[in-house]
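Below: one structure, written as structure tokens.
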Amino acid sequence: MSVLVVADHDLGALSPATARVIHAVSELGPIDLLVIGQDIDAVAAEAARVAGVTRVLVAKGASSSDADASLIAALAEPYHYIVQSAGSVGKDRMPRVAAKLDLMPVTDVVKVLGPTRFERPIYAGNAVQTVSDGQARHVLTIRASAFRAAAGGNDAPIEVIENSAASAARLIAAHRTESDTPDLATAQIVVGGGVALGSAENFQLIEQLAKKLGAAIGATRAAVDAGYAPNDWQVGQTGKIIAPDLYIAIGISGALQHLAGIQGAKKIVAINADPEAPLVKLADLALIGDLFEIIPQLLVELDKAGLKRD
Amino acid sequence: MKILVAIKRVVDHNVRIRVRPDGTGVETSGVRMSMNPFCKHAVEAAMQLSEAGHGDEIVIVSIGPKASNDVILTALAMGAHRGILIETDAELETLAIAKLLAKVVAEENPDIVLLGKQAVDDDSNHVGQMLAALTDRPQATFASEIKVVGQGIEVTREVDSGRETIAIPLPAIVTADLRLNTPRNAALPMVMKARSKPLAVRPVAEFGVDLTPRLTIEKVSPPAERAAGKSVASATELAAYIATEVSQMEAL
Ligand SMILES: Cc1cc2nc3c(=O)[nH]c(=O)nc-3n(C[C@H](O)[C@H](O)[C@H](O)COP(=O)(O)OP(=O)(O)OC[C@H]3O[C@@H](n4cnc5c(N)ncnc54)[C@H](O)[C@@H]3O)c2cc1C
Ligand SMILES: Cc1cc2nc3c(=O)[nH]c(=O)nc-3n(C[C@H](O)[C@H](O)[C@H](O)COP(=O)(O)OP(=O)(O)OC[C@H]3O[C@@H](n4cnc5c(N)ncnc54)[C@H](O)[C@@H]3O)c2cc1C
């Protein structure tokens with residue numbers, strides 16, 4: 001039984017999700033880690049250090065849906081498992097790979113119960129499916145936030161492989177969100193803001209608090225739609241799925257589609273004007289009141305408590 | 001230009017679903033059903049392309065039980081021209097759905113196929129990408145903007161690092177995200193008119209696709225419940241709680 005994991009990377013660095021995916025599938029067999037892209041020498045070097053990786057395969061060339069799927073499908077033959085994180089790249093590529101191989105994928109896996117048994121959430125996390133996959137080979141996407149990261153310290157060999165896959169697509173522009181906050185999907189602490197913030201300017205209150213706590217920033221769809229926060233901060237059924245040790249939700253009602261993204265949070269704190277808000281009911285700790293009064297006070301109190309992580 | 005839109009009938013997104021106590025699935029009988037929200041954005045996108053002079057014909061296809069007629073009628077009332085219902089009472093896997101849609105694509109030969117990025121029941125996020133593989137067409141998933149430029153389209157996609165714009169040639173497959181547009185509500189005269197638009201009902205067996213499931217769903221369970229929490233009265237107490245949590249985290 002052998003495993004091909006496709007690495008996620010961004011701006012010349014291996015994404016934190018990949019070490020978690022490696023950990024999730026480490027019991028399934030020896031793992032080859034495939035890195036596709038341009039200027040990926042540093043990524044490959046990082047990939048080689050992840051514990052549990054047998055070999056790093058490097059395929060140089062522009063990464064795109066159709067070309068990546070062709071390459072991965074062409075490499076798939078000797079592997080029993082083809083795996084990537086359930087981030088925007090894995091979600092885009094893996095179903096395409098699966099259909100090429102005439103396989104039904106199992107996606108958004110949150111628990112590996114055995115070689116062919118997996119758990120995945122459905123209905124925005126309001127139900128959990130136990131799926132058994134009797135196919136000869138398995139295409140999986142893994143919800144990275146549900147797993148711990150594999151350790152480092154490895155020194156796996158790196159092999160450059162031929163990549164002649166061509167794409168019909170052309171990248172015209174990347175509109176990136178500039179921010180030095182931690183990766184949302186794998187952050188230990190997340191501070192989330194809702195539409196109650198009222199403007200992009202006010203949303204900086206959330207950013208200030210996040211900075212003090214060394215936290216990533218999340219937002220509701222309503223806040224993103226209103227233009228207060230960029231789309232890649234959206235948490236929920238259609239945004240990112242988070243599982244931090246601590247989630248602080250501020251001015252967020254707790255619609256079911258938002259809750260879908262935060263069920264893995266260990267502790268939830270809610271700051272809300274409405275004691276009946278679903279998120280207040282769900283929270284481990286709630287403070288009822290006006291966020292515009294509470295956040296500035298909280299910033300001062302955290303200083304007094306000697307807390308500083310930025 | 002011809003546009004095909006695949007839509008799915010699902011449990012309405014406002015319904016709080018209940019897992020059946022025997023673990024066989026989610027209770028769907030007697031529950032309000034409607035068009036998957038993402039599919040509504042796909043239909044709206046087709047309408048807007050058509051209104052901008054890029055769509056002479058919009059064809060709607062749905063796979064499901066007879067009652068899926070309702071969502072096709074909704075799409076026809078939004079302005080689509082004709083509908084196809086591939087009728088089956090079986091719960092099909094996404095691979096089977098994509099294979100059936102590939103047959104429809106072969107028959108209809110559309111320039112653009114629009115789908116929702118995911119259905120809110122199974123949350124799979126598979127079908128568009130699978131259809132692209134099976135028809136060997138380029139794909140643009142999670143679209144928040146679609147522009148026709150020359151012989152192709154430029155699509156802005158919502159991705160983990162923000163947004164990116166790609167250009168792909170036609171024919172192509174596009175899946176719709178929620179910020180693509182604001183779907184229209186059909187006016188009453190359009191609803192009346194929809195009933196007179198062509199709607200072909202075709203049994204699934206006609207397509208000769210092997211629909212045998214590849215996966216077995218052993219059980220469906222409710223998620224773990226969270227223990228009830230408490231509330232504090234001041235920012236001072238809240239800061240103390242956060243400081244304790246953070247120091248516990250750092251101790252690990
Ligand atoms: C198909 C579909 C998918 C969706 N996907 C997502 C998703 O991925 N993520 C997501 O977040 N949403 C998603 N949504 C939207 C979701 O249904 C809600 O509309 C959204 O989460 C609400 O955002 P909110 O909590 O910011 O706003 P609201 O629901 O308006 O809540 C605002 C809250 O702020 C509180 N408040 C107001 N003023 C103050 C104040 N001064 N101080 C303190 N508290 C205050 C209010 O009491 C209220 O609880 C989706 C919807 C659909 C239909
Ligand atoms: C035995 C068995 C095992 C299963 N195991 C799994 C599993 O492990 N993982 C899993 O994800 N699902 C599983 N399913 C469920 C099955 O995949 C879904 O019910 C169904 O195929 C569509 O999934 P989706 O709507 O979430 O697709 P998505 O890919 O989320 O749908 C995206 C878009 O595709 C189009 N589309 C989807 N369905 C239709 C349709 N019926 N008609 C027209 N257009 C459509 C729509 O435009 C939709 O917005 C299983 C089903 C069975 C019977």
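Residues in the structure tokens are numbered from 1 in each chain, the chains being A, B, ... in the order shown, and ligands are numbered from 1 in the order shown.
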Can you tell me which residues sit at most 8 Å away from ligand 1, counting only C-alpha atoms and all ligand atoms, written as a count of residues only? 49
Go through the chains and note each residue within 6 Å of ligand 2, using only C-alpha atoms and all ligand atoms, then give the set as a ChimeraX atom specification.
-> /A:106,131 /B:6-8,38-39,61-64,91-94,97,115-119,121-128,213,215-217
TODO: May I have all residues of range 168-197 of chain B that DSSP, computed from the backbone, assigns to alpha helix (DSSP H), given as a list in words?
DONE: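 Of range 168-197 of chain B, the ones in alpha helix (DSSP H) are Leu188, Pro189, Met190, Val191, Met192, Lys193 and Ala194 of chain B.
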task: Identify, on the basis of only C-alpha atoms, every residue whose closest approach to range 109-112 of chain A does not exceed 9 Å; exclude the query and any residue fewer than 5 positions from it along the same chain; express the result as number ranges by chain.
output: A: 24-25, 86, 117-121, 140-147
With a cut-off of 6 Å, could you pull out the residues of chain A touching chain B and give me the nearest pair of atoms for each, distance in Å to one decimal, using only C-alpha atoms, ordered by chain and ascending number, as CSV?
residue,atom,partner,partner_atom,distance
A:Ser88,CA,B:Val159,CA,5.4
A:Pro95,CA,B:His126,CA,5.3
A:Arg96,CA,B:Met130,CA,4.7
A:Ala99,CA,B:Met130,CA,5.1
A:Lys100,CA,B:Ala133,CA,5.8
A:Met104,CA,B:Leu95,CA,5.8
A:Ile122,CA,B:Asp122,CA,5.0
A:Tyr123,CA,B:Asp121,CA,4.7
A:Ala127,CA,B:Pro222,CA,4.6
A:Val128,CA,B:Ser221,CA,5.1
A:Gln129,CA,B:Val220,CA,4.5
A:Thr130,CA,B:Lys219,CA,5.3
A:Val131,CA,B:Ile217,CA,4.6
A:Ser132,CA,B:Thr216,CA,5.1
A:Asp133,CA,B:Leu215,CA,4.9
A:Ala169,CA,B:Ile168,CA,4.7
A:Arg170,CA,B:Ala167,CA,5.1
A:Leu171,CA,B:Ile166,CA,4.4
A:Ile172,CA,B:Ile166,CA,5.3
A:Ala173,CA,B:Thr165,CA,5.1
A:Ala174,CA,B:Glu164,CA,4.3
A:His175,CA,B:Arg163,CA,5.0
A:Arg176,CA,B:Gly162,CA,4.9
A:Thr177,CA,B:Gly162,CA,5.6
A:Asp232,CA,B:Gly162,CA,5.0
A:Ala283,CA,B:Gly229,CA,5.7
A:Asp284,CA,B:Gly229,CA,3.9
A:Leu285,CA,B:Lys230,CA,5.1
A:Ala286,CA,B:Ser231,CA,4.5
A:Leu287,CA,B:Val232,CA,5.4
A:Leu298,CA,B:Ala235,CA,5.3
A:Glu301,CA,B:Thr236,CA,5.8
A:Leu302,CA,B:Ala239,CA,5.4
- prompt: Between CA of Leu101 in chain B and CA of Asp70 in chain B, what is the spacing in Å?
  reply: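 Between CA of Asp70 in chain B and CA of Leu101 in chain B the gap is 19.2 Å.
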**OP:** State, in Å with one decimal place, the distance from CA of Asp22 in chain B to CA of Val139 in chain A.
**Re:**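 About the pair CA of Asp22 in chain B and CA of Val139 in chain A: they are 28.8 Å apart.
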### Task
Write down as a ChimeraX atom specification the residues belonging to range 32-153 of chain B that are assigned strand (DSSP E or B) by DSSP computed on the backbone.
/B:33-35,57-64,82-87,112-116,139-149,152-153
One-decimal distance in Å that lies between CA of Asp180 in chain A and CA of Ala13 in chain A
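Those two atoms sit 14.1 Å apart.
For the residues A:Glu77, A:Asp32, A:Asp39, A:Asp92, ranking by smallest atom-to-atom distance to Leu11 in chain A using only C-alpha atoms places A:Asp39 first.
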Discussion item. Can you tell me which residues surround Glu107 in chain B at a distance of at most 12 Å, considering only C-alpha atoms, apart from same-chain residues fewer than 2 positions away, and format the answer as JSON, numbers by chain?
Written reply: {"B": [4, 59, 84, 100, 101, 102, 103, 104, 105, 109, 110, 135, 207]}
message: Set the distance at 9 Å and use only C-alpha atoms: which residues neighbour Gly53 in chain B once local chain neighbours fewer than 4 positions away are removed? I'd like the list as a VMD selection string.
response: chain B and resid 1 48 to 49
Residue selection dump (N, CA, C and O atoms) as an mmCIF file, in the first residue's frame:
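Result went into again_18.cif, see below:
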data_model
loop_
_atom_site.group_PDB
_atom_site.id
_atom_site.type_symbol
_atom_site.label_atom_id
_atom_site.label_comp_id
_atom_site.auth_asym_id
_atom_site.auth_seq_id
_atom_site.Cartn_x
_atom_site.Cartn_y
_atom_site.Cartn_z
ATOM 1 N N MET B 1 -24.470 31.428 -28.622
ATOM 2 C CA MET B 1 -23.848 30.579 -27.604
ATOM 3 C C MET B 1 -24.916 29.830 -26.823
ATOM 4 O O MET B 1 -25.969 30.389 -26.523
ATOM 5 N N GLN B 48 -27.544 36.400 -16.966
ATOM 6 C CA GLN B 48 -26.810 37.649 -17.196
ATOM 7 C C GLN B 48 -25.949 37.565 -18.450
ATOM 8 O O GLN B 48 -25.824 38.542 -19.190
ATOM 9 N N LEU B 49 -25.348 36.381 -18.707
ATOM 10 C CA LEU B 49 -24.571 36.211 -19.941
ATOM 11 C C LEU B 49 -25.500 36.367 -21.142
ATOM 12 O O LEU B 49 -25.165 37.025 -22.132
#
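Ranking A:Gly227, A:Gly37, A:Gly52, A:Pro115 by their shortest atom-to-atom distance to Thr18 in chain A, with only C-alpha atoms included, puts A:Gly52 first.
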If you count only C-alpha atoms, the residue of B:Ser196, B:Asp56, B:Arg32, B:Pro65 closest to Ala90 in chain B turns out to be B:Pro65
Item checked: Surrounding residues of range 151-162 of chain A excluding itself and chain neighbours under 3 positions, 12 Å, only C-alpha atoms, as a VMD selection string -> chain A and resid 16 18 to 23 26 30 to 37 40 to 61 71 to 72 74 to 75 148 165
* Asked: Which residues, written as a PyMOL selection string, have at least one atom at most 9 Å from Lys212 in chain A, with only C-alpha atoms counted and residues fewer than 5 positions away on the same chain left out?
  -> chain A and resi 207+299+302-303+307-310
